[in-house]
Amino acid sequence: MKFAFAGIDFLGGVFEGLLDAGWTPVKLFTRPCDGIYDHNEVIVARARALRLPIQLSRIRERDIEALQAEHGRDWTLVVAGYPWLIKGWKGRAAYGLNIHPSPLPTGRGPYPLFRAVLDRYESWGVTAHVLADGFDTGDILAQDIFGLSSHESHETLLAKCQMAARRLAAGPLGRELPARWRRSEPQGDGSYWPRATDFDRTLDFRQDVATVLRRVRAFGTVETIARLGDARVFVAEAQGWPERHAHTPGTVVHRHRRHVVVAALDGYVQLTRWSPVPLAEAGQVGR
C-alpha cells in the first residue's frame, strides 16, 4: 500500500514499521524542529535516501488533492507526532489514521507522557485511530498496551511508546488495515490533557522527596525547574533520600562541585545535573 507520512522523529518508527510491512512511501510531511526537544533529521534523511518529496509547511487541502491527482485514492495518510489538524482526506485517500502515544480515550492532547508518569499510571499504551475532525477522537483501529514501573521516567516511557508504535505499524496496521478499519470502535467519553506548562515543570520542595523525584523523572531531559535561593535552574537529573531535619524546605544545605543538596519536606534532594535559566527566560519561568 502507498502512504504519505506526517510526523517527526518522535514516532518515526511508524514509518519504518510500515516499510517492514511492505508499504511504499510517496511523500513526507514534517515541520521545523528546535533541535532541542523536537527533531526531524532522521526522518528527513530517510526520506531523502528514498527520494521522497518533503514538505515542511502545514498540510492543506490542496496538498491532499495533489496526492489524489497523482495516486488516485490508492494511498493512506499516516500521522504520527504531527501538531496540526488535517482535514480534506476523506474521499481522496483510501484511509487516514493517527498514532497517538496514549491508551485512548485517556490522555488525548499534544503530549501526554509527562502526566502518565506524574499520575503514577500502572499501564500505558499507544493507539492507532481514524483521523477525525477533533484531535485524538477518531474510532480506534488498534492499541498496544504495556506496563509501567513505579520508577518510570520520561525517557523509559518514551522508548516504550516508540517501540509500541513501530509494533503497531509493522503488525496490525501494516498487515490488517482494511479489516481493522471495518471493525474500528468508537472511543466514547475520554480525557484531554493540555500541554504542560512551566508551572507543571517546577519543583516544589515543600513536597516529600518521592514526589519531587517523580516530577524530575516525569520530565527527564526536557528538564524541570527549581529555585535555588534567588536563582532558577533547569534540572535534568536528581536523586534524594528521606531524613528527618529542621531545615526549611527549599533551603540549599550542601554543595560539592556541581552537586547541590536541597531540603525537601521529609528529606533531601540532590541536584546532580542542572544548568542556570538564561536571563532572557528567567522572567517567563512559571508563567
# chains A, B, ... in the order shown; residues from 1 in each chain; ligands from 1
$ closest_atom_pairs --of "region 120-208 of chain A" --to "region 10-29 of chain A" --cutoff "10 Å" --atoms "only C-alpha atoms" --output "JSON lines"
{"residue": "A:Leu158", "atom": "CA", "partner": "A:Phe10", "partner_atom": "CA", "distance": 8.6}
{"residue": "A:Ala159", "atom": "CA", "partner": "A:Phe10", "partner_atom": "CA", "distance": 9.7}
{"residue": "A:Cys161", "atom": "CA", "partner": "A:Leu11", "partner_atom": "CA", "distance": 8.3}
{"residue": "A:Gln162", "atom": "CA", "partner": "A:Leu11", "partner_atom": "CA", "distance": 5.8}
{"residue": "A:Met163", "atom": "CA", "partner": "A:Gly13", "partner_atom": "CA", "distance": 7.4}
{"residue": "A:Ala164", "atom": "CA", "partner": "A:Gly13", "partner_atom": "CA", "distance": 9.2}
{"residue": "A:Ala165", "atom": "CA", "partner": "A:Val14", "partner_atom": "CA", "distance": 5.9}
{"residue": "A:Arg166", "atom": "CA", "partner": "A:Val14", "partner_atom": "CA", "distance": 4.7}
{"residue": "A:Arg167", "atom": "CA", "partner": "A:Gly17", "partner_atom": "CA", "distance": 6.9}
{"residue": "A:Leu168", "atom": "CA", "partner": "A:Gly17", "partner_atom": "CA", "distance": 7.8}
{"residue": "A:Ala169", "atom": "CA", "partner": "A:Gly17", "partner_atom": "CA", "distance": 4.9}
{"residue": "A:Ala170", "atom": "CA", "partner": "A:Gly17", "partner_atom": "CA", "distance": 4.2}
{"residue": "A:Gly171", "atom": "CA", "partner": "A:Ala21", "partner_atom": "CA", "distance": 7.2}
{"residue": "A:Pro172", "atom": "CA", "partner": "A:Ala21", "partner_atom": "CA", "distance": 9.7}
{"residue": "A:Leu173", "atom": "CA", "partner": "A:Leu18", "partner_atom": "CA", "distance": 8.0}
{"residue": "A:Gly174", "atom": "CA", "partner": "A:Ala21", "partner_atom": "CA", "distance": 5.2}
{"residue": "A:Arg175", "atom": "CA", "partner": "A:Ala21", "partner_atom": "CA", "distance": 6.4}
$ closest_atom_pairs --of "region 115-158 of chain A" --to "region 83-86 of chain A" --cutoff "10 Å" --atoms "only C-alpha atoms" --output "tab-separated table"
residue	atom	partner	partner_atom	distance
A:Leu131	CA	A:Ile86	CA	7.8
A:Ala132	CA	A:Ile86	CA	8.4
A:Asp133	CA	A:Leu85	CA	7.5
A:Gly134	CA	A:Leu85	CA	7.6
A:Phe135	CA	A:Leu85	CA	6.8
A:Asp136	CA	A:Leu85	CA	9.7
$ residues_around --residues "His151 (chain A)" --least-positions-apart "2" --cutoff "8 Å" --atoms "only C-alpha atoms" --output "ChimeraX atom specification"
/A:149,153,214,217
$ write_last_selection --atoms "all heavy atoms" --output "mmCIF file, in the first residue's frame"
data_model
loop_
_atom_site.group_PDB
_atom_site.id
_atom_site.type_symbol
_atom_site.label_atom_id
_atom_site.label_comp_id
_atom_site.auth_asym_id
_atom_site.auth_seq_id
_atom_site.Cartn_x
_atom_site.Cartn_y
_atom_site.Cartn_z
ATOM 1 N N SER A 149 6.546 0.920 35.410
ATOM 2 C CA SER A 149 7.132 0.605 36.706
ATOM 3 C C SER A 149 6.900 1.758 37.679
ATOM 4 O O SER A 149 6.529 2.861 37.281
ATOM 5 C CB SER A 149 8.636 0.357 36.561
ATOM 6 O OG SER A 149 9.325 1.587 36.398
ATOM 7 N N SER A 153 10.374 6.726 34.025
ATOM 8 C CA SER A 153 10.848 8.066 33.693
ATOM 9 C C SER A 153 10.318 8.466 32.320
ATOM 10 O O SER A 153 9.806 7.620 31.561
ATOM 11 C CB SER A 153 12.384 8.108 33.667
ATOM 12 O OG SER A 153 12.880 7.376 32.546
ATOM 13 N N ARG A 214 9.734 12.150 41.461
ATOM 14 C CA ARG A 214 8.836 11.685 40.405
ATOM 15 C C ARG A 214 8.647 12.772 39.349
ATOM 16 O O ARG A 214 8.594 12.489 38.153
ATOM 17 C CB ARG A 214 7.494 11.247 40.985
ATOM 18 C CG ARG A 214 6.573 10.642 39.925
ATOM 19 C CD ARG A 214 5.400 9.896 40.529
ATOM 20 N NE ARG A 214 4.620 10.708 41.431
ATOM 21 C CZ ARG A 214 4.592 10.556 42.745
ATOM 22 N NH1 ARG A 214 5.329 9.636 43.325
ATOM 23 N NH2 ARG A 214 3.843 11.332 43.495
ATOM 24 N N ARG A 217 11.715 12.790 37.189
ATOM 25 C CA ARG A 217 11.683 11.669 36.240
ATOM 26 C C ARG A 217 10.658 11.904 35.135
ATOM 27 O O ARG A 217 10.870 11.532 33.980
ATOM 28 C CB ARG A 217 11.365 10.355 36.955
ATOM 29 C CG ARG A 217 12.433 9.880 37.919
ATOM 30 C CD ARG A 217 12.212 8.401 38.270
ATOM 31 N NE ARG A 217 10.833 8.110 38.676
ATOM 32 C CZ ARG A 217 10.378 8.224 39.912
ATOM 33 N NH1 ARG A 217 11.178 8.659 40.885
ATOM 34 N NH2 ARG A 217 9.124 7.901 40.196
#
$ select_by_dssp --residues "region 201-282 of chain A" --states "strand (DSSP E)" --output "ChimeraX atom specification"
/A:224-228,231-242,252-256,259-263,267-276
$ atom_distance --atom1 "CA of Pro249 (chain A)" --atom2 "CA of Phe205 (chain A)"
5.4 Å
$ select_by_dssp --residues "region 192-233 of chain A" --states "helix (DSSP H, G or I)" --output "PDB file with N, CA and C atoms, in the first residue's frame"
ATOM      1  N   ASP A 198       5.264  25.681  32.386  1.00  0.00           N
ATOM      2  CA  ASP A 198       6.408  25.819  33.289  1.00  0.00           C
ATOM      3  C   ASP A 198       5.994  25.582  34.737  1.00  0.00           C
ATOM      4  N   PHE A 199       4.762  25.911  35.070  1.00  0.00           N
ATOM      5  CA  PHE A 199       4.279  25.628  36.423  1.00  0.00           C
ATOM      6  C   PHE A 199       4.291  24.122  36.681  1.00  0.00           C
ATOM      7  N   ASP A 200       3.856  23.341  35.688  1.00  0.00           N
ATOM      8  CA  ASP A 200       3.862  21.882  35.828  1.00  0.00           C
ATOM      9  C   ASP A 200       5.278  21.342  35.984  1.00  0.00           C
ATOM     10  N   ARG A 201       6.235  22.020  35.392  1.00  0.00           N
ATOM     11  CA  ARG A 201       7.632  21.565  35.416  1.00  0.00           C
ATOM     12  C   ARG A 201       8.378  21.999  36.682  1.00  0.00           C
ATOM     13  N   VAL A 209      10.165  13.852  49.287  1.00  0.00           N
ATOM     14  CA  VAL A 209      11.241  13.545  48.350  1.00  0.00           C
ATOM     15  C   VAL A 209      10.724  12.712  47.183  1.00  0.00           C
ATOM     16  N   ALA A 210       9.915  11.700  47.454  1.00  0.00           N
ATOM     17  CA  ALA A 210       9.428  10.819  46.391  1.00  0.00           C
ATOM     18  C   ALA A 210       8.644  11.594  45.344  1.00  0.00           C
ATOM     19  N   THR A 211       7.827  12.552  45.788  1.00  0.00           N
ATOM     20  CA  THR A 211       7.025  13.340  44.850  1.00  0.00           C
ATOM     21  C   THR A 211       7.901  14.256  44.012  1.00  0.00           C
ATOM     22  N   VAL A 212       8.892  14.872  44.642  1.00  0.00           N
ATOM     23  CA  VAL A 212       9.810  15.749  43.904  1.00  0.00           C
ATOM     24  C   VAL A 212      10.563  14.953  42.849  1.00  0.00           C
ATOM     25  N   LEU A 213      11.083  13.801  43.222  1.00  0.00           N
ATOM     26  CA  LEU A 213      11.864  12.999  42.286  1.00  0.00           C
ATOM     27  C   LEU A 213      10.998  12.430  41.165  1.00  0.00           C
ATOM     28  N   ARG A 214       9.734  12.150  41.461  1.00  0.00           N
ATOM     29  CA  ARG A 214       8.836  11.685  40.405  1.00  0.00           C
ATOM     30  C   ARG A 214       8.647  12.772  39.349  1.00  0.00           C
ATOM     31  N   ARG A 215       8.570  14.023  39.775  1.00  0.00           N
ATOM     32  CA  ARG A 215       8.440  15.112  38.809  1.00  0.00           C
ATOM     33  C   ARG A 215       9.712  15.244  37.966  1.00  0.00           C
ATOM     34  N   VAL A 216      10.862  15.066  38.600  1.00  0.00           N
ATOM     35  CA  VAL A 216      12.115  15.098  37.848  1.00  0.00           C
ATOM     36  C   VAL A 216      12.125  13.998  36.793  1.00  0.00           C
ATOM     37  N   ARG A 217      11.715  12.790  37.189  1.00  0.00           N
ATOM     38  CA  ARG A 217      11.683  11.669  36.240  1.00  0.00           C
ATOM     39  C   ARG A 217      10.658  11.904  35.135  1.00  0.00           C
ATOM     40  N   ALA A 218       9.534  12.504  35.504  1.00  0.00           N
ATOM     41  CA  ALA A 218       8.451  12.696  34.533  1.00  0.00           C
ATOM     42  C   ALA A 218       8.868  13.575  33.368  1.00  0.00           C
ATOM     43  N   PHE A 219       9.739  14.545  33.620  1.00  0.00           N
ATOM     44  CA  PHE A 219      10.175  15.453  32.554  1.00  0.00           C
ATOM     45  C   PHE A 219      11.558  15.096  32.012  1.00  0.00           C
ATOM     46  N   GLY A 220      12.357  14.388  32.779  1.00  0.00           N
ATOM     47  CA  GLY A 220      13.619  13.871  32.281  1.00  0.00           C
ATOM     48  C   GLY A 220      14.476  14.913  31.601  1.00  0.00           C
ATOM     49  N   THR A 221      14.919  14.613  30.379  1.00  0.00           N
ATOM     50  CA  THR A 221      15.803  15.520  29.645  1.00  0.00           C
ATOM     51  C   THR A 221      15.087  16.775  29.147  1.00  0.00           C
ATOM     52  N   VAL A 222      13.764  16.790  29.219  1.00  0.00           N
ATOM     53  CA  VAL A 222      13.029  18.027  28.930  1.00  0.00           C
ATOM     54  C   VAL A 222      13.249  19.027  30.060  1.00  0.00           C
TER      55      VAL A 222
END
$ atom_distance --atom1 "CA of Gly81 (chain A)" --atom2 "CA of Arg46 (chain A)"
16.5 Å
$ residues_around --residues "Val269 (chain A)" --least-positions-apart "3" --cutoff "9 Å" --atoms "only C-alpha atoms" --output "ChimeraX atom specification"
/A:205,209,212-213,238-242,260-264
$ atom_distance --atom1 "CA of Ile43 (chain A)" --atom2 "CA of Lys2 (chain A)"
17.2 Å
$ residues_around --residues "Glu185 (chain A)" --least-positions-apart "2" --cutoff "12 Å" --atoms "only C-alpha atoms" --output "list of chain:residue names"
A:Leu104, A:Pro105, A:Thr127, A:Ala128, A:His129, A:Val130, A:Thr137, A:Gly138, A:Asp139, A:Ile140, A:Leu141, A:Ala142, A:Gln143, A:Arg180, A:Trp181, A:Arg182, A:Arg183, A:Gln187, A:Gly188
$ residues_around --residues "Tyr82 (chain A)" --least-positions-apart "5" --cutoff "8 Å" --atoms "only C-alpha atoms" --output "ChimeraX atom specification"
/A:6-8,30-31
$ write_last_selection --atoms "all heavy atoms" --output "short mmCIF file (atom, residue, chain, number, x, y, z; two decimals), in the first residue's frame"
data_model
loop_
_atom_site.label_atom_id
_atom_site.label_comp_id
_atom_site.auth_asym_id
_atom_site.auth_seq_id
_atom_site.Cartn_x
_atom_site.Cartn_y
_atom_site.Cartn_z
N ALA A 6 3.11 11.89 7.90
CA ALA A 6 3.18 13.22 8.51
C ALA A 6 3.69 13.07 9.93
O ALA A 6 3.00 12.51 10.79
CB ALA A 6 1.80 13.89 8.51
N GLY A 7 4.92 13.55 10.19
CA GLY A 7 5.45 13.41 11.54
C GLY A 7 6.91 13.82 11.64
O GLY A 7 7.49 14.36 10.70
N ILE A 8 7.48 13.54 12.81
CA ILE A 8 8.88 13.87 13.10
C ILE A 8 9.54 12.61 13.67
O ILE A 8 8.94 11.53 13.68
CB ILE A 8 9.01 15.06 14.08
CG1 ILE A 8 8.29 14.76 15.40
CG2 ILE A 8 8.45 16.33 13.44
CD1 ILE A 8 8.48 15.84 16.46
N THR A 30 6.54 17.02 7.25
CA THR A 30 7.11 17.19 8.57
C THR A 30 7.00 18.66 8.95
O THR A 30 6.18 19.39 8.37
CB THR A 30 8.57 16.67 8.61
OG1 THR A 30 9.05 16.71 9.96
CG2 THR A 30 9.48 17.43 7.68
N ARG A 31 7.77 19.11 9.92
CA ARG A 31 7.67 20.51 10.36
C ARG A 31 9.02 20.96 10.89
O ARG A 31 9.87 20.13 11.25
CB ARG A 31 6.62 20.65 11.45
CG ARG A 31 6.90 19.81 12.70
CD ARG A 31 5.84 20.04 13.75
NE ARG A 31 5.95 19.16 14.89
CZ ARG A 31 6.74 19.36 15.94
NH1 ARG A 31 7.52 20.43 15.99
NH2 ARG A 31 6.76 18.52 16.95
#
$ residues_around --residues "Pro110 (chain A)" --least-positions-apart "6" --cutoff "8 Å" --atoms "only C-alpha atoms" --output "PyMOL selection string"
chain A and resi 83+193-195
$ closest_residue --among "A:Ala196, A:Leu97, A:Val117, A:Ile64" --to "Leu177 (chain A)" --atoms "only C-alpha atoms"
A:Leu97
$ closest_residue --among "A:Ile99, A:Ala179, A:Ile54, A:Met1" --to "Arg73 (chain A)" --atoms "only C-alpha atoms"
A:Met1
$ closest_residue --among "A:Ile145, A:Val235, A:Ala80, A:Val277" --to "Arg258 (chain A)" --atoms "only C-alpha atoms"
A:Val235
$ closest_residue --among "A:His71, A:Arg58, A:His254, A:His100" --to "Tyr268 (chain A)" --atoms "only C-alpha atoms"
A:His254
$ decode --residues "region 43-55 of chain A" --atoms "all heavy atoms" --output "compact mmCIF listing (two decimals), in the first residue's frame"
# COMPACT_ATOMS: atom_id res chain seq x y z
N ILE A 43 14.14 11.33 10.15
CA ILE A 43 13.08 11.04 9.18
C ILE A 43 13.31 11.78 7.87
O ILE A 43 13.04 11.26 6.79
CB ILE A 43 11.68 11.37 9.78
CG1 ILE A 43 10.57 10.81 8.90
CG2 ILE A 43 11.49 12.84 10.01
CD1 ILE A 43 10.49 9.30 8.86
N VAL A 44 13.87 12.99 7.95
CA VAL A 44 14.18 13.73 6.73
C VAL A 44 15.28 13.04 5.94
O VAL A 44 15.20 12.89 4.71
CB VAL A 44 14.57 15.19 7.06
CG1 VAL A 44 15.21 15.87 5.85
CG2 VAL A 44 13.34 15.97 7.51
N ALA A 45 16.32 12.56 6.63
CA ALA A 45 17.40 11.85 5.95
C ALA A 45 16.88 10.57 5.30
O ALA A 45 17.29 10.20 4.19
CB ALA A 45 18.52 11.53 6.94
N ARG A 46 15.97 9.90 6.00
CA ARG A 46 15.38 8.66 5.44
C ARG A 46 14.59 8.97 4.18
O ARG A 46 14.68 8.25 3.18
CB ARG A 46 14.47 8.02 6.49
CG ARG A 46 14.04 6.62 6.14
CD ARG A 46 15.18 5.65 6.34
NE ARG A 46 14.72 4.28 6.34
CZ ARG A 46 14.85 3.45 5.29
NH1 ARG A 46 15.45 3.86 4.19
NH2 ARG A 46 14.42 2.21 5.38
N ALA A 47 13.81 10.05 4.22
CA ALA A 47 13.01 10.43 3.06
C ALA A 47 13.90 10.81 1.88
O ALA A 47 13.62 10.46 0.73
CB ALA A 47 12.08 11.58 3.42
N ARG A 48 14.97 11.52 2.18
CA ARG A 48 15.89 11.90 1.10
C ARG A 48 16.55 10.67 0.48
O ARG A 48 16.73 10.59 -0.74
CB ARG A 48 16.95 12.86 1.65
CG ARG A 48 16.42 14.27 1.89
CD ARG A 48 17.46 15.16 2.53
NE ARG A 48 16.96 16.53 2.66
CZ ARG A 48 17.47 17.44 3.49
NH1 ARG A 48 18.51 17.12 4.26
NH2 ARG A 48 16.96 18.66 3.53
N ALA A 49 16.92 9.71 1.33
CA ALA A 49 17.54 8.49 0.82
C ALA A 49 16.57 7.74 -0.10
O ALA A 49 17.01 7.07 -1.06
CB ALA A 49 17.98 7.60 1.97
N LEU A 50 15.28 7.85 0.19
CA LEU A 50 14.26 7.19 -0.63
C LEU A 50 13.76 8.08 -1.76
O LEU A 50 12.86 7.70 -2.50
CB LEU A 50 13.09 6.77 0.26
CG LEU A 50 13.40 5.69 1.30
CD1 LEU A 50 12.24 5.54 2.29
CD2 LEU A 50 13.69 4.35 0.62
N ARG A 51 14.35 9.30 -1.85
CA ARG A 51 14.00 10.27 -2.91
C ARG A 51 12.52 10.66 -2.87
O ARG A 51 11.86 10.77 -3.90
CB ARG A 51 14.37 9.72 -4.29
CG ARG A 51 15.84 9.39 -4.40
CD ARG A 51 16.25 9.02 -5.78
NE ARG A 51 17.67 8.74 -5.82
CZ ARG A 51 18.48 9.06 -6.82
NH1 ARG A 51 18.00 9.68 -7.87
NH2 ARG A 51 19.75 8.76 -6.77
N LEU A 52 12.03 10.88 -1.66
CA LEU A 52 10.64 11.30 -1.49
C LEU A 52 10.55 12.82 -1.49
O LEU A 52 11.45 13.50 -0.98
CB LEU A 52 10.09 10.78 -0.15
CG LEU A 52 10.06 9.28 0.07
CD1 LEU A 52 9.48 8.97 1.44
CD2 LEU A 52 9.25 8.58 -1.01
N PRO A 53 9.45 13.38 -1.99
CA PRO A 53 9.21 14.81 -1.79
C PRO A 53 8.97 15.10 -0.32
O PRO A 53 8.35 14.30 0.39
CB PRO A 53 7.97 15.08 -2.64
CG PRO A 53 7.31 13.76 -2.83
CD PRO A 53 8.41 12.73 -2.79
N ILE A 54 9.50 16.23 0.16
CA ILE A 54 9.41 16.60 1.57
C ILE A 54 8.75 17.97 1.68
O ILE A 54 9.13 18.91 0.97
CB ILE A 54 10.80 16.64 2.22
CG1 ILE A 54 11.47 15.26 2.15
CG2 ILE A 54 10.72 17.11 3.68
CD1 ILE A 54 12.93 15.27 2.55
N GLN A 55 7.78 18.10 2.56
CA GLN A 55 7.09 19.38 2.77
C GLN A 55 7.15 19.76 4.24
O GLN A 55 6.76 18.99 5.12
CB GLN A 55 5.63 19.27 2.32
CG GLN A 55 4.82 20.55 2.51
CD GLN A 55 3.43 20.46 1.91
OE1 GLN A 55 3.25 19.89 0.83
NE2 GLN A 55 2.44 21.00 2.60
